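Colleague: Here you go, one structure.
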Amino acid sequence: MNLTLKIWRQQDATATGKIVDYRVTGIEGDMSFLEMLDVLNEQLIHKGEEPVVFDHDCREGICGMCSLQINGEPHGPDRGVTTCQLHMRKFKDGDTIYIEPFRAKAFPVVKDLMVDRSAFDRIQHAGGYVSVNTSGNTIDANAIPINKDDADDAFAAATCIGCGACVAACKNASAMLFTSAKVSQYALLPQGQVEATDRVLAMVNQMDEEGFGNCTNTGACEIECPKGISLENIARMNREYLKASAKG
Amino acid sequence: MGGLITSSIARKVAMALSGLFLVFFLLQHFTINFTSLFSAEVFNEISHFMGRNPVVQFVLQPVLIFGVVFHFIMGFILELKNRSARSVKYAKYDGGANASWMSRNMILSGLVILAFLGLHFYDFWVPEIAYKYINHLPEDATRYYGELAHKFESPVRTLLYVISFVFLGLHLWHGFASSFQSVGFNNKFSVAATKFAKAFSIVIPLGFIIVAVFHFFNH
Ligand code: HEM
Ligand code: SF4
Ligand code: FES
C-alpha cells in the first residue's frame with residue numbers, strides 16, 4: 001500500500017517543529033509500524049533527505065521505548081499493543097496518517113519524534129525500589145507467604161514498561177497511571193511496607209515537580225496502556241498517599 | 001503535611017470532597033423542590049423553615065457558598081495547570097477514542113452551571129436576601145410557592161433552567177462516580193456505586209427539569 005504521512009519534524013529541543021507531508025510506497029500489511037518508518041527512512045535516504053528520528057529498541061513490546069502519537073492516539077488505533085507491535089494491516093491503501101511525538105511539558109522533544117522520558121526515571125529513583133540486604137543472607141522470596149490476589153495484582157502493576165502512553169493519551173498529560181503502577185507493585189507486597197510511607201510521598205512529589213498534569217479520571221490512560229494497567233492502581237495510590245500524609 | 005494542600009493528589013481529593021458535598025446539597029434541594037409538585041402548603045412550610053432557621057441561614061448557607069466557590073476555583077486552578085502540562089498541542093488528538101465527552105469537558109459543563117448559579121441567585125437568592133435583610137418586609141409563611149410559580153411563567157427562564165440541568169447531569173455523569181476514585185474508593189462495590197452515581201446524575205437533574213416544566217405549564 002501507499003500512504004501519506006504527516007510527520008512532526010523538529011531539528012532539536014529548542015527548534016520549533018512543524019508537520020511535514022511524506023509519501024511512502026510499497027508497504028505490506030505484515031510490516032510493523034516501525035518497519036513502515038524504516039521503509040520511509042530508506043526512501044528518504046535514497047532521495048538524499050534527512051531520515052525521521054524515532055525511538056525504538058526491543059521491537060517486541062517489552063522495553064517501552066517506541067512511542068508515537070498515531071492519528072491522535074498513543075501507539076495508534078489498536079488496543080493492548082506498543083507501536084512496534086502495531087501492524088500496517090490496521091491501515092488501508094491511500095490512508096493519511098498523522099505521526100507526532102508523545103506530547104507533554106515533562107516529555108520534551110529531543111528531535112523529530114523522539115522525546116526525553118527521563119522524568120519517569122526520576123519518579124522511579126524517588127522511591128520505586130525496596131532496600132533489600134543482598135550481602136550474602138538474602139531470604140528466598142517464596143519464604144514469605146503472600147495472598148495470591150495481592151501477588152497477582154502486584155505482578156500486574158509491575159508489567160508497566162514505562163512507555164508513557166498514559167501521559168500521551170491523557171488530556172491533562174498526567175502521569176498518575178505510571179506512578180500508581182510503580183507505587184502499587186510495592187504497596188501490595190510485604191517487602192514494600194518498610195518504605196511505604198516515604199515512597200508514595202516522594203514519588204508523588206517528584207511526579208508533581210516534573211510538571212505532569214492532574215488526574216481527572218477520564219480513564220484514557222487505562223484504555224491506551226499497552227499493558228492494561230488498571231485504574232485501581234490510581235485509587236490505591238490515592239489511599240496510600242492519604243495514609244502516608246496522615247502519618248506525616 | 002505541606003503536600004496535603006498543594007500536591008496533585010490532595011487537590012484531587014479536595015475536588016472530590018467538595019463535589020460530593022454539592023451532590024449531597026443537590027439531593028436536599030431537589031427533595032424540597034419536589035414537594036412543590038404535590039402541595040403548596042408543604043413547600044411553603046419547608047421553605048419558611050429553611051429561610052428562618054438560624055442554623056440553615058448562618059451556618060449551612062455560608063458553608064454551602066464556601067463549598068461552591070472552593071469547588072469552582074479549584075476547578076479553574078486545575079484546568080489551568082492541566083492545560084499548561086501540554087504546552088505544544090497535538091495536531092491531531094482523538095480524545096473521543098479513549099474517554100467520554102463528559103469526562104473531557106468538565107470545565108465546560110462546570111461553566112454552564114456557574115452561569116446558571118448566577119441566574120439562579122438573581123432569581124431567588126437576591127430577592128430573598130433583600131426581602132428579609134434589606135427591606136425587612138413582614139414575615140409571610142405562604143409566599144414561597146407563589147414566588148416559585150411566578151418565576152416559571154417565563155418560557156425563556158424555564159428553557160435556560162432546563163438547559164442548565166442537562167449540563168448539570170453531564171457534569172455529574174462523570175463527576176459523581178469519578179469522586180469515588182479520587183478518594184481512593186475502587187473495590188468490589190465500585191460497579192454498584194458507579195451505577196448508583198450514573199442513575200443519580202440522570203434522575204436528579206431530570207427531576208429538577210420536571211419541576212421547572214410543571215410550573216411552567218401549571219398556571
Ligand atoms: C459552579 C460551577 C462548577 C464548576 C466550574 C465546576 C468545575 C469542575 C471541574 C473543573 C471539575 C474537575 C474535573 C474532574 O476532576 O474530573 C469538577 C469535578 C466535579 N464536580 Fe464540579 N463544577 C461546578 C459545579 C458543580 C456542582 C454544582 C456539583 C454538584 C452538584 C459538582 C460536582 C462535581 C463532582 C462530584 C466532581 C468530581 C470530582 C472528582 O473527579 O473527584 N460540580 N467540577
Ligand atoms: S502505565 Fe501503561 S501506558 Fe503508562 S507507562 Fe506504564 S505501560 Fe506505559
Ligand atoms: S520497541 Fe520495545 S516496546 Fe516497542
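Just so we're on the same page: first chain in the C-alpha cells is A, next is B, and so on; residues restart at 1 for each chain, and ligands are numbered from 1 in the order they show up.
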For chain B, work out the contacting residues on chain A at 9 Å, counting only C-alpha atoms, and write them as a PyMOL selection string.

Modeller: chain A and resi 19+69-73+77+98-106+169-174+201+204-205+207-208+211-224+231-242+245-248

Colleague: Write as a PyMOL selection string the residues around ligand 3, taking 10 Å as the cut-off and counting only C-alpha atoms and all ligand atoms.

Modeller: chain A and resi 33-34+55-67+75+81-86+161-163+226

Colleague: Please, could you write that set of residues out with N, CA, C and O atoms as a compact mmCIF listing (two decimals), in the first residue's frame?

Modeller:
# COMPACT_ATOMS: atom_id res chain seq x y z
N PHE A 33 4.52 -1.00 12.38
CA PHE A 33 4.52 0.44 12.12
C PHE A 33 5.95 0.97 12.05
O PHE A 33 6.27 1.83 11.24
N LEU A 34 6.83 0.41 12.90
CA LEU A 34 8.22 0.86 12.89
C LEU A 34 8.93 0.45 11.60
O LEU A 34 9.76 1.18 11.06
N ASP A 55 12.09 6.73 18.40
CA ASP A 55 12.61 5.85 19.44
C ASP A 55 12.20 4.40 19.21
O ASP A 55 11.06 4.13 18.81
N HIS A 56 13.10 3.46 19.49
CA HIS A 56 12.74 2.05 19.45
C HIS A 56 13.89 1.26 20.06
O HIS A 56 15.03 1.75 20.16
N ASP A 57 13.61 0.04 20.48
CA ASP A 57 14.69 -0.82 20.95
C ASP A 57 14.34 -2.28 20.73
O ASP A 57 14.75 -2.88 19.75
N CYS A 58 13.52 -2.87 21.60
CA CYS A 58 13.29 -4.31 21.54
C CYS A 58 12.49 -4.76 20.32
O CYS A 58 12.68 -5.83 19.78
N ARG A 59 11.58 -3.94 19.90
CA ARG A 59 10.65 -4.24 18.80
C ARG A 59 9.82 -5.50 19.06
O ARG A 59 9.43 -6.20 18.14
N GLU A 60 9.59 -5.78 20.35
CA GLU A 60 8.67 -6.88 20.67
C GLU A 60 7.79 -6.56 21.87
O GLU A 60 7.35 -7.44 22.59
N GLY A 61 7.58 -5.27 22.11
CA GLY A 61 6.58 -4.88 23.11
C GLY A 61 6.99 -5.02 24.55
O GLY A 61 6.13 -5.08 25.43
N ILE A 62 8.30 -5.09 24.84
CA ILE A 62 8.68 -5.26 26.23
C ILE A 62 9.52 -4.13 26.80
O ILE A 62 9.62 -4.00 28.01
N CYS A 63 10.12 -3.32 25.95
CA CYS A 63 11.05 -2.33 26.51
C CYS A 63 10.39 -0.98 26.78
O CYS A 63 10.82 -0.24 27.65
N GLY A 64 9.34 -0.66 26.03
CA GLY A 64 8.66 0.61 26.24
C GLY A 64 9.30 1.79 25.54
O GLY A 64 8.92 2.93 25.76
N MET A 65 10.28 1.54 24.68
CA MET A 65 10.97 2.66 24.04
C MET A 65 10.17 3.29 22.90
O MET A 65 10.18 4.50 22.72
N CYS A 66 9.51 2.46 22.09
CA CYS A 66 8.80 3.04 20.94
C CYS A 66 7.64 3.89 21.48
O CYS A 66 7.06 3.55 22.49
N SER A 67 7.36 4.96 20.81
CA SER A 67 6.33 5.86 21.34
C SER A 67 5.34 6.18 20.22
O SER A 67 4.70 5.28 19.70
N HIS A 75 0.43 4.95 20.34
CA HIS A 75 0.59 3.60 19.78
C HIS A 75 -0.50 3.25 18.75
O HIS A 75 -0.69 2.07 18.44
N VAL A 81 -1.32 -2.88 22.54
CA VAL A 81 -0.05 -3.07 21.82
C VAL A 81 0.79 -1.79 21.88
O VAL A 81 0.27 -0.70 22.06
N THR A 82 2.10 -1.98 21.72
CA THR A 82 3.00 -0.85 21.54
C THR A 82 3.10 -0.58 20.04
O THR A 82 2.60 -1.36 19.23
N THR A 83 3.81 0.50 19.67
CA THR A 83 3.91 0.85 18.25
C THR A 83 4.66 -0.22 17.46
O THR A 83 4.32 -0.50 16.31
N CYS A 84 5.63 -0.86 18.09
CA CYS A 84 6.37 -1.91 17.38
C CYS A 84 5.50 -3.14 17.12
O CYS A 84 5.81 -3.95 16.26
N GLN A 85 4.41 -3.27 17.89
CA GLN A 85 3.50 -4.42 17.70
C GLN A 85 2.30 -4.07 16.83
O GLN A 85 1.43 -4.91 16.61
N LEU A 86 2.23 -2.81 16.41
CA LEU A 86 1.10 -2.37 15.58
C LEU A 86 1.37 -2.76 14.13
O LEU A 86 2.40 -2.41 13.57
N ILE A 161 5.71 -0.94 31.47
CA ILE A 161 7.01 -0.84 30.81
C ILE A 161 7.50 0.60 30.70
O ILE A 161 8.49 0.88 30.01
N GLY A 162 6.78 1.52 31.37
CA GLY A 162 7.25 2.90 31.39
C GLY A 162 7.28 3.58 30.04
O GLY A 162 8.12 4.44 29.77
N CYS A 163 6.33 3.23 29.17
CA CYS A 163 6.35 3.76 27.81
C CYS A 163 5.88 5.21 27.71
O CYS A 163 6.28 5.94 26.83
N PRO A 226 -0.54 -0.17 26.83
CA PRO A 226 -0.30 -1.44 26.12
C PRO A 226 -0.31 -2.63 27.07
O PRO A 226 -0.46 -3.77 26.64

Colleague: Kindly give the distance, in Å, that separates CA of Arg143 in chain B and CA of Ala115 in chain B, rounded to a single decimal.

Modeller: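 CA of Ala115 in chain B lies at a distance of 26.6 Å from CA of Arg143 in chain B.
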
Colleague: Select, from B:Phe216, B:Phe167, B:Phe25, B:Phe72, the residue with the minimum atom-to-atom distance to ligand 1, counting only C-alpha atoms and all ligand atoms.

Modeller: B:Phe72

Colleague: Give me, please, the distance in Å between CA of Ile204 in chain B and atom 38 (C, counted along the ligand's line) of ligand 1, quoted to one decimal.

Modeller: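 Taking CA of Ile204 in chain B as the start and atom 38 (C, counted along the ligand's line) of ligand 1 as the end point, the length is 17.4 Å.
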
Colleague: Quick one: pull the distance between CA of Leu64 in chain B and CA of Phe200 in chain B, Å, one decimal.

Modeller: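 These two atoms are separated by 20.3 Å.
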
Colleague: When DSSP works through the backbone of this structure, what residues of range 35-164 of chain A end up as strand (DSSP E), shown as a count of residues only?

Modeller: 14

Colleague: Show which residues sit within 12 Å of Gln61 in chain B, as JSON, numbers by chain. Count only C-alpha atoms, and ignore same-chain residues fewer than 4 positions away.

Modeller: {"B": [25, 50, 51, 52, 53, 54, 55, 56, 57, 65, 66, 67, 68, 125, 129]}

Colleague: Please provide as a PDB file with N, CA, C and O atoms, in the first residue's frame all residues within 10 Å of range 32-45 of chain B, with the sequence filter that same-chain residues fewer than 6 positions apart are discarded (counting only C-alpha atoms).

Modeller:
ATOM      1  N   GLY B  51     -35.762  29.239  55.428  1.00  0.00           N
ATOM      2  CA  GLY B  51     -35.493  30.671  55.305  1.00  0.00           C
ATOM      3  C   GLY B  51     -35.327  31.376  56.643  1.00  0.00           C
ATOM      4  O   GLY B  51     -34.753  32.467  56.707  1.00  0.00           O
ATOM      5  N   ASP B 140     -44.004  36.223  55.959  1.00  0.00           N
ATOM      6  CA  ASP B 140     -45.185  35.683  55.303  1.00  0.00           C
ATOM      7  C   ASP B 140     -44.867  34.240  54.934  1.00  0.00           C
ATOM      8  O   ASP B 140     -44.164  33.980  53.968  1.00  0.00           O
ATOM      9  N   ALA B 141     -45.375  33.329  55.733  1.00  0.00           N
ATOM     10  CA  ALA B 141     -45.008  31.925  55.592  1.00  0.00           C
ATOM     11  C   ALA B 141     -45.626  31.280  54.363  1.00  0.00           C
ATOM     12  O   ALA B 141     -45.365  30.118  54.076  1.00  0.00           O
ATOM     13  N   THR B 142     -46.432  32.030  53.600  1.00  0.00           N
ATOM     14  CA  THR B 142     -47.116  31.392  52.465  1.00  0.00           C
ATOM     15  C   THR B 142     -46.690  31.980  51.119  1.00  0.00           C
ATOM     16  O   THR B 142     -47.282  31.694  50.095  1.00  0.00           O
ATOM     17  N   ARG B 143     -45.651  32.797  51.127  1.00  0.00           N
ATOM     18  CA  ARG B 143     -45.309  33.498  49.891  1.00  0.00           C
ATOM     19  C   ARG B 143     -44.468  32.656  48.927  1.00  0.00           C
ATOM     20  O   ARG B 143     -44.406  32.920  47.738  1.00  0.00           O
ATOM     21  N   TYR B 144     -43.810  31.602  49.442  1.00  0.00           N
ATOM     22  CA  TYR B 144     -42.764  30.933  48.658  1.00  0.00           C
ATOM     23  C   TYR B 144     -43.303  30.251  47.402  1.00  0.00           C
ATOM     24  O   TYR B 144     -42.734  30.366  46.330  1.00  0.00           O
ATOM     25  N   TYR B 145     -44.403  29.537  47.551  1.00  0.00           N
ATOM     26  CA  TYR B 145     -44.937  28.806  46.404  1.00  0.00           C
ATOM     27  C   TYR B 145     -45.287  29.759  45.266  1.00  0.00           C
ATOM     28  O   TYR B 145     -44.947  29.519  44.100  1.00  0.00           O
ATOM     29  N   GLY B 146     -45.932  30.874  45.620  1.00  0.00           N
ATOM     30  CA  GLY B 146     -46.321  31.866  44.615  1.00  0.00           C
ATOM     31  C   GLY B 146     -45.103  32.434  43.899  1.00  0.00           C
ATOM     32  O   GLY B 146     -45.094  32.586  42.675  1.00  0.00           O
ATOM     33  N   LEU B 148     -42.231  31.027  43.477  1.00  0.00           N
ATOM     34  CA  LEU B 148     -41.688  29.978  42.615  1.00  0.00           C
ATOM     35  C   LEU B 148     -42.489  29.869  41.318  1.00  0.00           C
ATOM     36  O   LEU B 148     -41.944  29.934  40.210  1.00  0.00           O
ATOM     37  N   ALA B 149     -43.812  29.748  41.485  1.00  0.00           N
ATOM     38  CA  ALA B 149     -44.677  29.566  40.316  1.00  0.00           C
ATOM     39  C   ALA B 149     -44.546  30.764  39.375  1.00  0.00           C
ATOM     40  O   ALA B 149     -44.502  30.611  38.147  1.00  0.00           O
ATOM     41  N   GLY B 207     -35.427  15.286  37.478  1.00  0.00           N
ATOM     42  CA  GLY B 207     -36.418  15.723  38.464  1.00  0.00           C
ATOM     43  C   GLY B 207     -36.518  17.239  38.511  1.00  0.00           C
ATOM     44  O   GLY B 207     -37.616  17.803  38.521  1.00  0.00           O
ATOM     45  N   PHE B 208     -35.383  17.926  38.528  1.00  0.00           N
ATOM     46  CA  PHE B 208     -35.388  19.392  38.518  1.00  0.00           C
ATOM     47  C   PHE B 208     -36.085  19.911  37.256  1.00  0.00           C
ATOM     48  O   PHE B 208     -36.825  20.896  37.299  1.00  0.00           O
ATOM     49  N   ILE B 210     -38.398  18.391  35.554  1.00  0.00           N
ATOM     50  CA  ILE B 210     -39.843  18.167  35.694  1.00  0.00           C
ATOM     51  C   ILE B 210     -40.479  19.254  36.548  1.00  0.00           C
ATOM     52  O   ILE B 210     -41.539  19.793  36.218  1.00  0.00           O
ATOM     53  N   VAL B 211     -39.809  19.619  37.628  1.00  0.00           N
ATOM     54  CA  VAL B 211     -40.349  20.672  38.499  1.00  0.00           C
ATOM     55  C   VAL B 211     -40.497  21.981  37.713  1.00  0.00           C
ATOM     56  O   VAL B 211     -41.549  22.636  37.743  1.00  0.00           O
ATOM     57  N   ALA B 212     -39.446  22.353  36.974  1.00  0.00           N
ATOM     58  CA  ALA B 212     -39.485  23.613  36.224  1.00  0.00           C
ATOM     59  C   ALA B 212     -40.588  23.581  35.170  1.00  0.00           C
ATOM     60  O   ALA B 212     -41.387  24.527  35.057  1.00  0.00           O
ATOM     61  N   PHE B 214     -43.206  21.632  35.031  1.00  0.00           N
ATOM     62  CA  PHE B 214     -44.516  21.545  35.690  1.00  0.00           C
ATOM     63  C   PHE B 214     -45.049  22.935  36.010  1.00  0.00           C
ATOM     64  O   PHE B 214     -46.189  23.279  35.690  1.00  0.00           O
ATOM     65  N   HIS B 215     -44.175  23.763  36.600  1.00  0.00           N
ATOM     66  CA  HIS B 215     -44.656  25.096  36.995  1.00  0.00           C
ATOM     67  C   HIS B 215     -44.862  25.995  35.787  1.00  0.00           C
ATOM     68  O   HIS B 215     -45.678  26.911  35.825  1.00  0.00           O
ATOM     69  N   ASN B 218     -48.310  24.979  34.643  1.00  0.00           N
ATOM     70  CA  ASN B 218     -49.325  24.962  35.684  1.00  0.00           C
ATOM     71  C   ASN B 218     -49.754  26.368  36.099  1.00  0.00           C
ATOM     72  O   ASN B 218     -49.661  26.728  37.263  1.00  0.00           O
TER      73      ASN B 218
END

Colleague: Here is a test: counting only C-alpha atoms, which residue of A:Val194, A:Ala156, A:Ala151, A:Cys225 is nearest to Arg79 in chain A?

Modeller: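 Ranking A:Val194, A:Ala156, A:Ala151, A:Cys225 by distance to Arg79 in chain A, first place goes to A:Cys225.
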
Colleague: Out of range 13-214 of chain B, which residues get helix (DSSP H, G or I) from DSSP, as a VMD selection string?

Modeller: chain B and resid 13 to 35 40 to 52 54 to 84 95 to 97 101 to 104 106 to 134 143 to 151 155 to 182 190 to 214

Colleague: Which residues, written as a PyMOL selection string, have at least one atom at most 7 Å from Pro205 in chain B, with only C-alpha atoms counted and residues fewer than 4 positions away on the same chain left out?

Modeller: chain B and resi 165-166+168-169+201+209

Colleague: Please save N, CA, C and O atoms of the selected residues as a PDB file, in the first residue's frame.

Modeller:
ATOM      1  N   PHE B 165     -29.872  22.240  33.650  1.00  0.00           N
ATOM      2  CA  PHE B 165     -29.975  20.945  34.338  1.00  0.00           C
ATOM      3  C   PHE B 165     -29.410  19.818  33.469  1.00  0.00           C
ATOM      4  O   PHE B 165     -28.860  18.856  33.997  1.00  0.00           O
ATOM      5  N   VAL B 166     -29.541  19.964  32.157  1.00  0.00           N
ATOM      6  CA  VAL B 166     -28.934  18.964  31.279  1.00  0.00           C
ATOM      7  C   VAL B 166     -27.412  18.972  31.487  1.00  0.00           C
ATOM      8  O   VAL B 166     -26.781  17.921  31.644  1.00  0.00           O
ATOM      9  N   LEU B 168     -25.864  20.041  34.126  1.00  0.00           N
ATOM     10  CA  LEU B 168     -25.601  19.521  35.470  1.00  0.00           C
ATOM     11  C   LEU B 168     -25.533  17.996  35.420  1.00  0.00           C
ATOM     12  O   LEU B 168     -24.648  17.382  36.016  1.00  0.00           O
ATOM     13  N   GLY B 169     -26.467  17.411  34.665  1.00  0.00           N
ATOM     14  CA  GLY B 169     -26.470  15.956  34.516  1.00  0.00           C
ATOM     15  C   GLY B 169     -25.186  15.459  33.869  1.00  0.00           C
ATOM     16  O   GLY B 169     -24.605  14.466  34.304  1.00  0.00           O
ATOM     17  N   SER B 201     -27.203  10.874  38.412  1.00  0.00           N
ATOM     18  CA  SER B 201     -26.902  12.001  37.530  1.00  0.00           C
ATOM     19  C   SER B 201     -27.961  12.170  36.445  1.00  0.00           C
ATOM     20  O   SER B 201     -28.028  13.208  35.803  1.00  0.00           O
ATOM     21  N   ILE B 209     -35.819  19.239  36.123  1.00  0.00           N
ATOM     22  CA  ILE B 209     -36.445  19.659  34.866  1.00  0.00           C
ATOM     23  C   ILE B 209     -37.964  19.512  34.975  1.00  0.00           C
ATOM     24  O   ILE B 209     -38.723  20.411  34.586  1.00  0.00           O
TER      25      ILE B 209
END

Colleague: I need the residue nearest ligand 2 from this list: A:Met176, A:Ala143, A:Val183, A:Ala202. Use only C-alpha atoms and all ligand atoms for the distance.

Modeller: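 The closest residue to ligand 2 is A:Met176.
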